[in-house]
Each structure stands twice: as structure tokens, then as C-alpha cells.
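Student: File my_file_28.cif below, mmCIF, C-alpha atoms:
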```
data_work
loop_
_atom_site.label_atom_id
_atom_site.label_comp_id
_atom_site.auth_asym_id
_atom_site.auth_seq_id
_atom_site.Cartn_x
_atom_site.Cartn_y
_atom_site.Cartn_z
CA GLU A 226 24.50 3.60 2.23
CA HIS A 227 23.90 5.83 5.21
CA ASP A 228 26.11 8.50 6.73
CA ILE A 229 24.16 8.86 9.93
CA GLU A 230 26.11 9.04 13.17
CA GLY A 231 25.72 5.74 14.99
CA PHE A 232 24.40 3.94 11.90
CA GLN A 233 27.10 2.94 9.49
CA ASP A 234 25.52 -0.28 8.21
CA ALA A 235 24.51 -0.86 4.63
CA GLN A 236 20.78 -1.08 4.14
CA VAL A 237 19.58 -3.27 1.29
CA VAL A 238 16.25 -1.83 0.22
CA PHE A 239 15.11 -4.97 -1.59
CA LEU A 240 16.35 -8.30 -2.86
CA LYS A 241 14.80 -10.06 -5.86
CA VAL A 242 15.50 -13.69 -6.69
CA ASP A 243 13.85 -16.39 -8.76
CA MET A 244 12.46 -19.53 -7.17
CA PRO A 245 14.75 -22.37 -8.31
CA HIS A 246 13.35 -24.44 -11.19
CA ASN A 247 12.90 -27.41 -8.87
CA GLY A 248 11.42 -25.43 -5.95
CA SER A 249 14.33 -26.39 -3.68
CA ARG A 250 14.46 -24.64 -0.28
CA SER A 251 18.22 -24.98 -0.07
CA GLY A 252 18.54 -23.64 -3.62
CA LEU A 253 16.30 -20.69 -2.75
CA ILE A 254 18.22 -19.86 0.43
CA THR A 255 21.51 -20.08 -1.48
CA ALA A 256 20.14 -17.85 -4.27
CA ILE A 257 19.02 -15.22 -1.76
CA LEU A 258 22.42 -15.18 -0.05
CA GLU A 259 24.24 -15.06 -3.39
CA GLU A 260 22.12 -12.08 -4.46
CA LEU A 261 22.85 -10.38 -1.13
CA ASP A 262 26.57 -10.98 -1.71
CA ARG A 263 26.29 -9.55 -5.24
CA VAL A 264 24.48 -6.43 -4.03
CA MET A 265 26.87 -5.84 -1.15
CA ALA A 266 29.91 -6.24 -3.42
CA ARG A 267 28.71 -3.19 -5.35
CA SER A 268 28.53 -1.02 -2.22
CA LYS A 269 31.30 0.82 -0.42
CA PHE A 270 31.24 -1.94 2.20
CA GLY A 271 32.66 -4.43 -0.29
CA PRO A 272 32.12 -8.11 -0.79
CA THR A 273 30.45 -10.32 1.77
CA ASN A 274 30.63 -14.08 1.78
CA HIS A 275 27.27 -15.10 3.19
CA SER A 276 26.67 -17.76 0.54
CA GLU A 277 30.09 -19.31 1.11
CA ALA A 278 29.03 -20.16 4.66
CA LEU A 279 26.66 -22.71 3.11
CA SER A 280 29.29 -24.56 1.09
CA GLY A 281 32.76 -25.91 1.52
CA THR A 282 32.02 -27.67 4.79
CA SER A 283 32.82 -31.31 5.27
CA LYS A 284 29.43 -31.93 6.86
CA ARG A 285 26.16 -31.38 5.08
CA ILE A 286 24.47 -28.27 6.43
CA THR A 287 20.84 -28.63 7.46
CA ILE A 288 18.00 -26.52 6.13
CA GLU A 289 17.42 -25.21 9.65
CA ARG A 290 21.03 -23.97 9.87
CA MET A 291 20.80 -22.48 6.38
CA THR A 292 17.63 -20.67 7.44
CA GLN A 293 19.34 -19.30 10.56
CA LYS A 294 22.23 -17.98 8.46
CA LEU A 295 19.77 -16.43 5.98
CA ILE A 296 17.80 -14.66 8.70
CA ALA A 297 21.00 -13.38 10.34
CA ALA A 298 22.35 -12.03 7.03
CA LEU A 299 19.07 -10.35 6.03
CA ASN A 300 18.76 -8.78 9.48
CA HIS A 301 22.39 -7.63 9.45
CA HIS A 302 21.90 -5.77 6.18
CA HIS A 303 18.44 -4.43 7.10
CA VAL A 304 16.75 -5.88 4.00
CA GLY A 305 13.47 -4.03 3.46
CA VAL A 306 11.58 -6.28 1.00
CA LEU A 307 12.22 -9.79 -0.25
CA ILE A 308 10.84 -10.51 -3.74
CA ILE A 309 10.52 -14.07 -4.98
CA ASP A 310 9.72 -14.41 -8.68
CA GLU A 311 8.73 -17.58 -10.54
CA PHE A 312 6.86 -18.79 -7.46
CA GLN A 313 4.94 -21.26 -9.63
CA ASN A 314 8.12 -23.37 -9.73
CA LEU A 315 6.92 -24.84 -6.43
CA GLU A 316 4.37 -26.83 -8.44
CA VAL A 317 7.00 -29.42 -9.35
CA THR A 318 7.75 -30.30 -5.73
CA SER A 319 5.97 -32.87 -3.63
CA ALA A 320 3.19 -31.75 -1.29
CA ARG A 321 5.55 -32.20 1.68
CA TYR A 322 8.37 -30.04 0.27
CA ARG A 323 5.86 -27.46 -0.96
CA ALA A 324 4.41 -27.18 2.56
CA GLU A 325 7.91 -26.91 4.03
CA THR A 326 8.80 -24.11 1.61
CA ILE A 327 5.59 -22.24 2.41
CA ASN A 328 6.42 -22.69 6.11
CA LEU A 329 9.86 -21.21 5.39
CA PHE A 330 8.19 -18.02 4.15
CA ASP A 331 6.04 -17.93 7.27
CA GLN A 332 9.17 -18.25 9.42
CA LEU A 333 10.98 -15.54 7.45
CA SER A 334 8.00 -13.22 7.68
CA ASN A 335 7.64 -13.76 11.43
CA GLN A 336 11.32 -13.32 12.24
CA LEU A 337 12.32 -10.63 9.75
CA LYS A 338 9.08 -8.64 9.95
CA ILE A 339 9.44 -7.52 6.33
CA PRO A 340 7.12 -7.93 3.38
CA ILE A 341 7.78 -10.89 1.13
CA VAL A 342 6.42 -10.43 -2.38
CA LYS A 343 5.67 -13.66 -4.22
CA ILE A 344 5.30 -13.34 -7.99
CA GLY A 345 3.93 -16.14 -10.10
CA THR A 346 1.32 -17.21 -12.58
CA PRO A 347 -2.37 -17.23 -11.54
CA ASP A 348 -2.09 -20.98 -10.90
CA THR A 349 0.28 -20.19 -8.03
CA ILE A 350 -2.70 -19.46 -5.78
CA ARG A 351 -3.57 -23.18 -5.75
CA LEU A 352 -0.21 -23.95 -4.13
CA PHE A 353 -1.51 -22.56 -0.86
CA GLY A 354 -4.46 -24.96 -0.72
CA ASN A 355 -7.75 -24.42 1.06
CA LYS A 356 -6.53 -24.67 4.64
CA THR A 357 -6.79 -21.42 6.56
CA TYR A 358 -3.26 -21.55 7.96
CA ASN A 359 -1.85 -21.83 4.43
CA ARG A 360 -4.19 -19.25 2.89
CA ARG A 361 -3.16 -16.58 5.40
CA ARG A 362 0.42 -16.97 4.17
CA LEU A 363 -0.69 -16.08 0.68
CA GLY A 364 -1.03 -12.42 1.62
CA LYS A 365 -2.80 -9.87 -0.52
CA LEU A 366 -3.42 -10.91 -4.11
CA GLN A 367 -2.77 -8.50 -6.93
CA GLU A 368 -3.54 -9.70 -10.42
CA LEU A 369 -2.22 -7.54 -13.21
CA GLN A 370 -4.69 -7.07 -16.03
CA PRO A 371 -3.92 -5.80 -19.52
CA LEU A 372 -4.43 -2.09 -19.94
CA SER A 373 -7.34 -0.87 -22.02
CA ASP A 374 -6.43 0.97 -25.24
CA LYS A 375 -7.23 4.32 -23.62
CA ALA A 376 -5.19 3.55 -20.48
CA TRP A 377 -2.26 2.36 -22.64
CA ASP A 378 -2.37 5.55 -24.72
CA ASN A 379 -2.40 7.66 -21.53
CA ALA A 380 0.53 5.74 -20.07
CA MET A 381 2.56 6.11 -23.27
CA GLU A 382 1.78 9.84 -23.44
CA GLN A 383 3.05 10.30 -19.88
CA LEU A 384 6.20 8.28 -20.60
CA PHE A 385 7.02 10.32 -23.69
CA ARG A 386 6.64 13.52 -21.68
CA PHE A 387 9.35 12.27 -19.36
CA GLN A 388 12.49 12.42 -21.46
CA PRO A 389 15.59 12.46 -19.25
CA VAL A 390 17.88 12.54 -22.31
CA PRO A 391 17.53 15.16 -25.03
#
```
Could you show the structure in this file as C-alpha cells?
Tutor:
Amino acid sequence: EHDIEGFQDAQVVFLKVDMPHNGSRSGLITAILEELDRVMARSKFGPTNHSEALSGTSKRITIERMTQKLIAALNHHHVGVLIIDEFQNLEVTSARYRAETINLFDQLSNQLKIPIVKIGTPDTIRLFGNKTYNRRRLGKLQELQPLSDKAWDNAMEQLFRFQPVP
């Protein structure tokens, strides 16, 4: 929350959601908007109803319209980073829906101009295939390795030095 003259909007530093178990784009968009609603409800700005705009209509809302609403909401709240965990859940979708979901991330990245962190198992890399236009969407890979015994001991020593509570 900012108290800067001329900027009274809430800024959401990051949003973290899990990829739906079935890799559904509509489920992912809904989950992102629900998380945004949850975060905003805890701020002084109060509840927002971004996710409700996707339901309760007599007509079925298209993925394109859902995407437009998502982009508008994320821009409105100045979201800084979007984190998608369980990215390997895309493996259960067909090649077509997988490609459409990966294209969704490309669209979000191009229009929002924010980093999108995708977290998944090492097998997730295969989801992007060998085609250059898909591989560029993968971004920078970071694989977490187990710490060596010495590195673990050093990390634990540093943590125990930091004791915020007596």
C-alpha cells in the first residue's frame, strides 16, 4: 500500500498460484483472479470481485475474454511477479491445449511486461518441445540441487544466528 501523492493504488508485489491438476487455462485464469481477490481483501482497499466476473453469467465466457479480464486486473493492481507452481500439471493435457496454455503465458508476458516464474519438476522442460518459438518461452532455467553437507551446515549456522524471538 502506497501513500504517495498521485498514486493511491494497491500494488501487489507477487501472486503465486498452482497450475490446476488438469492444466486447464480457464481454471488457471480463475485461480489467479481468486488469489488476487484474496490478497486484495486483506489490504486497506478491501475486497475485489475480479473472479466473480468470470462466473454467474448466462452465456459461457470465452478464454479470450477471460484473458482480457485477467490482464486488466493484473495491470490495475500493478502485479510485479506472477508465480505458477506445479507447472508439470500441463503434462496431462493434449498437445493442442498445452500449446494454447504456453501461448497464454507468452501473451501475458508480452502485455503485462512482468516476469512469470514457472515452477515444476525437471520433466517440465519437455513441455516446451524443441521448436525455437516454444523454447524461448521457457525463460531461464534454474535447477535447485541439494546442498552439500558443508553448505547445509553453513546455512544452518547462519539461520541459528538470526533469532528474532528470544
Student: Given the file shown, determine the residues that the PyMOL selection byres ((chain A and resi 303-311) around 7) selects; report them as a ChimeraX atom specification.
Tutor: /A:236-244,299-302,312-314,339-345
Student: Please expand the PyMOL selection byres ((chain A and resi 325) around 12) into the concrete residues it hits in this file, giving the result as an MDAnalysis selection string.
Tutor: chainID A and resid 248:251 288:289 315 318:324 326:332 352:353 359
Student: For those residues, write C-alpha atoms to a file as a PDB file, in the frame of the given file.
Tutor:
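As written to disk, out-v9.pdb reads:
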```pdb
ATOM      1  CA  GLY A 248      11.420 -25.430  -5.950  1.00  0.00           C
ATOM      2  CA  SER A 249      14.330 -26.390  -3.680  1.00  0.00           C
ATOM      3  CA  ARG A 250      14.460 -24.640  -0.280  1.00  0.00           C
ATOM      4  CA  SER A 251      18.220 -24.980  -0.070  1.00  0.00           C
ATOM      5  CA  ILE A 288      18.000 -26.520   6.130  1.00  0.00           C
ATOM      6  CA  GLU A 289      17.420 -25.210   9.650  1.00  0.00           C
ATOM      7  CA  LEU A 315       6.920 -24.840  -6.430  1.00  0.00           C
ATOM      8  CA  THR A 318       7.750 -30.300  -5.730  1.00  0.00           C
ATOM      9  CA  SER A 319       5.970 -32.870  -3.630  1.00  0.00           C
ATOM     10  CA  ALA A 320       3.190 -31.750  -1.290  1.00  0.00           C
ATOM     11  CA  ARG A 321       5.550 -32.200   1.680  1.00  0.00           C
ATOM     12  CA  TYR A 322       8.370 -30.040   0.270  1.00  0.00           C
ATOM     13  CA  ARG A 323       5.860 -27.460  -0.960  1.00  0.00           C
ATOM     14  CA  ALA A 324       4.410 -27.180   2.560  1.00  0.00           C
ATOM     15  CA  THR A 326       8.800 -24.110   1.610  1.00  0.00           C
ATOM     16  CA  ILE A 327       5.590 -22.240   2.410  1.00  0.00           C
ATOM     17  CA  ASN A 328       6.420 -22.690   6.110  1.00  0.00           C
ATOM     18  CA  LEU A 329       9.860 -21.210   5.390  1.00  0.00           C
ATOM     19  CA  PHE A 330       8.190 -18.020   4.150  1.00  0.00           C
ATOM     20  CA  ASP A 331       6.040 -17.930   7.270  1.00  0.00           C
ATOM     21  CA  GLN A 332       9.170 -18.250   9.420  1.00  0.00           C
ATOM     22  CA  LEU A 352      -0.210 -23.950  -4.130  1.00  0.00           C
ATOM     23  CA  PHE A 353      -1.510 -22.560  -0.860  1.00  0.00           C
ATOM     24  CA  ASN A 359      -1.850 -21.830   4.430  1.00  0.00           C
TER      25      ASN A 359
END
```
Student: If you measure from atom CA of A:Phe385 to atom CA of A:Glu368, what distance in Å do you get, rounded to one decimal?
Tutor: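 According to the coordinates, atom CA of A:Phe385 and atom CA of A:Glu368 are separated by 26.2 Å.
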Student: I need the residue set behind the PyMOL selection byres ((chain A and resi 259-272) around 9) for this file; please write it as a ChimeraX atom specification.
Tutor: /A:226,234-235,237,240-242,254-258,273-277,298-299,302
Student: Next, the residues of the selection above should be written as a short mmCIF file (atom, residue, chain, number, x, y, z; two decimals), in the frame of the given file with C-alpha atoms.
Tutor:
```cif
data_model
loop_
_atom_site.label_atom_id
_atom_site.label_comp_id
_atom_site.auth_asym_id
_atom_site.auth_seq_id
_atom_site.Cartn_x
_atom_site.Cartn_y
_atom_site.Cartn_z
CA GLU A 226 24.50 3.60 2.23
CA ASP A 234 25.52 -0.28 8.21
CA ALA A 235 24.51 -0.86 4.63
CA VAL A 237 19.58 -3.27 1.29
CA LEU A 240 16.35 -8.30 -2.86
CA LYS A 241 14.80 -10.06 -5.86
CA VAL A 242 15.50 -13.69 -6.69
CA ILE A 254 18.22 -19.86 0.43
CA THR A 255 21.51 -20.08 -1.48
CA ALA A 256 20.14 -17.85 -4.27
CA ILE A 257 19.02 -15.22 -1.76
CA LEU A 258 22.42 -15.18 -0.05
CA THR A 273 30.45 -10.32 1.77
CA ASN A 274 30.63 -14.08 1.78
CA HIS A 275 27.27 -15.10 3.19
CA SER A 276 26.67 -17.76 0.54
CA GLU A 277 30.09 -19.31 1.11
CA ALA A 298 22.35 -12.03 7.03
CA LEU A 299 19.07 -10.35 6.03
CA HIS A 302 21.90 -5.77 6.18
#
```
Student: I'd like the interatomic distance between atom CA of A:Lys338 and atom CA of A:His246, to a tenth of an Å.
Tutor: 26.7 Å
Student: To one decimal place, how far is atom CA of A:Lys294 from atom CA of A:Leu333 in Å?
Tutor: 11.6 Å
Student: Please rebuild stretch 331-346 of chain A with N, CA, C and O atoms and give the result as an mmCIF file, in the coordinates of the input.
Tutor:
```cif
data_model
loop_
_atom_site.group_PDB
_atom_site.id
_atom_site.type_symbol
_atom_site.label_atom_id
_atom_site.label_comp_id
_atom_site.auth_asym_id
_atom_site.auth_seq_id
_atom_site.Cartn_x
_atom_site.Cartn_y
_atom_site.Cartn_z
ATOM 1 N N ASP A 331 6.698 -18.345 6.026
ATOM 2 C CA ASP A 331 6.040 -17.930 7.270
ATOM 3 C C ASP A 331 7.084 -17.614 8.329
ATOM 4 O O ASP A 331 7.007 -16.594 9.015
ATOM 5 N N GLN A 332 8.098 -18.468 8.453
ATOM 6 C CA GLN A 332 9.170 -18.250 9.420
ATOM 7 C C GLN A 332 9.941 -16.964 9.109
ATOM 8 O O GLN A 332 10.225 -16.167 10.003
ATOM 9 N N LEU A 333 10.267 -16.760 7.832
ATOM 10 C CA LEU A 333 10.980 -15.540 7.450
ATOM 11 C C LEU A 333 10.155 -14.302 7.755
ATOM 12 O O LEU A 333 10.665 -13.309 8.280
ATOM 13 N N SER A 334 8.883 -14.364 7.434
ATOM 14 C CA SER A 334 8.000 -13.220 7.680
ATOM 15 C C SER A 334 7.903 -12.919 9.171
ATOM 16 O O SER A 334 7.970 -11.762 9.584
ATOM 17 N N ASN A 335 7.761 -13.958 9.984
ATOM 18 C CA ASN A 335 7.640 -13.760 11.430
ATOM 19 C C ASN A 335 8.927 -13.225 12.054
ATOM 20 O O ASN A 335 8.887 -12.379 12.946
ATOM 21 N N GLN A 336 10.064 -13.711 11.604
ATOM 22 C CA GLN A 336 11.320 -13.320 12.240
ATOM 23 C C GLN A 336 11.917 -12.047 11.664
ATOM 24 O O GLN A 336 12.547 -11.279 12.384
ATOM 25 N N LEU A 337 11.741 -11.818 10.361
ATOM 26 C CA LEU A 337 12.320 -10.630 9.750
ATOM 27 C C LEU A 337 11.396 -9.422 9.835
ATOM 28 O O LEU A 337 11.842 -8.282 9.790
ATOM 29 N N LYS A 338 10.099 -9.696 9.895
ATOM 30 C CA LYS A 338 9.080 -8.640 9.950
ATOM 31 C C LYS A 338 9.207 -7.684 8.757
ATOM 32 O O LYS A 338 9.168 -6.471 8.909
ATOM 33 N N ILE A 339 9.384 -8.289 7.575
ATOM 34 C CA ILE A 339 9.440 -7.520 6.330
ATOM 35 C C ILE A 339 8.448 -8.138 5.348
ATOM 36 O O ILE A 339 8.108 -9.320 5.468
ATOM 37 N N PRO A 340 7.997 -7.341 4.393
ATOM 38 C CA PRO A 340 7.120 -7.930 3.380
ATOM 39 C C PRO A 340 7.900 -8.869 2.463
ATOM 40 O O PRO A 340 9.061 -8.624 2.145
ATOM 41 N N ILE A 341 7.232 -9.948 2.087
ATOM 42 C CA ILE A 341 7.780 -10.890 1.130
ATOM 43 C C ILE A 341 6.803 -10.936 -0.038
ATOM 44 O O ILE A 341 5.662 -11.338 0.126
ATOM 45 N N VAL A 342 7.265 -10.485 -1.189
ATOM 46 C CA VAL A 342 6.420 -10.430 -2.380
ATOM 47 C C VAL A 342 6.671 -11.697 -3.181
ATOM 48 O O VAL A 342 7.812 -12.001 -3.522
ATOM 49 N N LYS A 343 5.587 -12.421 -3.451
ATOM 50 C CA LYS A 343 5.670 -13.660 -4.220
ATOM 51 C C LYS A 343 5.018 -13.404 -5.571
ATOM 52 O O LYS A 343 3.853 -13.068 -5.644
ATOM 53 N N ILE A 344 5.791 -13.602 -6.646
ATOM 54 C CA ILE A 344 5.300 -13.340 -7.990
ATOM 55 C C ILE A 344 5.241 -14.652 -8.753
ATOM 56 O O ILE A 344 6.220 -15.404 -8.785
ATOM 57 N N GLY A 345 4.083 -14.915 -9.335
ATOM 58 C CA GLY A 345 3.930 -16.140 -10.100
ATOM 59 C C GLY A 345 2.714 -16.062 -10.999
ATOM 60 O O GLY A 345 2.008 -15.056 -11.041
ATOM 61 N N THR A 346 2.475 -17.137 -11.706
ATOM 62 C CA THR A 346 1.320 -17.210 -12.580
ATOM 63 C C THR A 346 0.056 -17.334 -11.731
ATOM 64 O O THR A 346 0.130 -17.653 -10.537
#
```
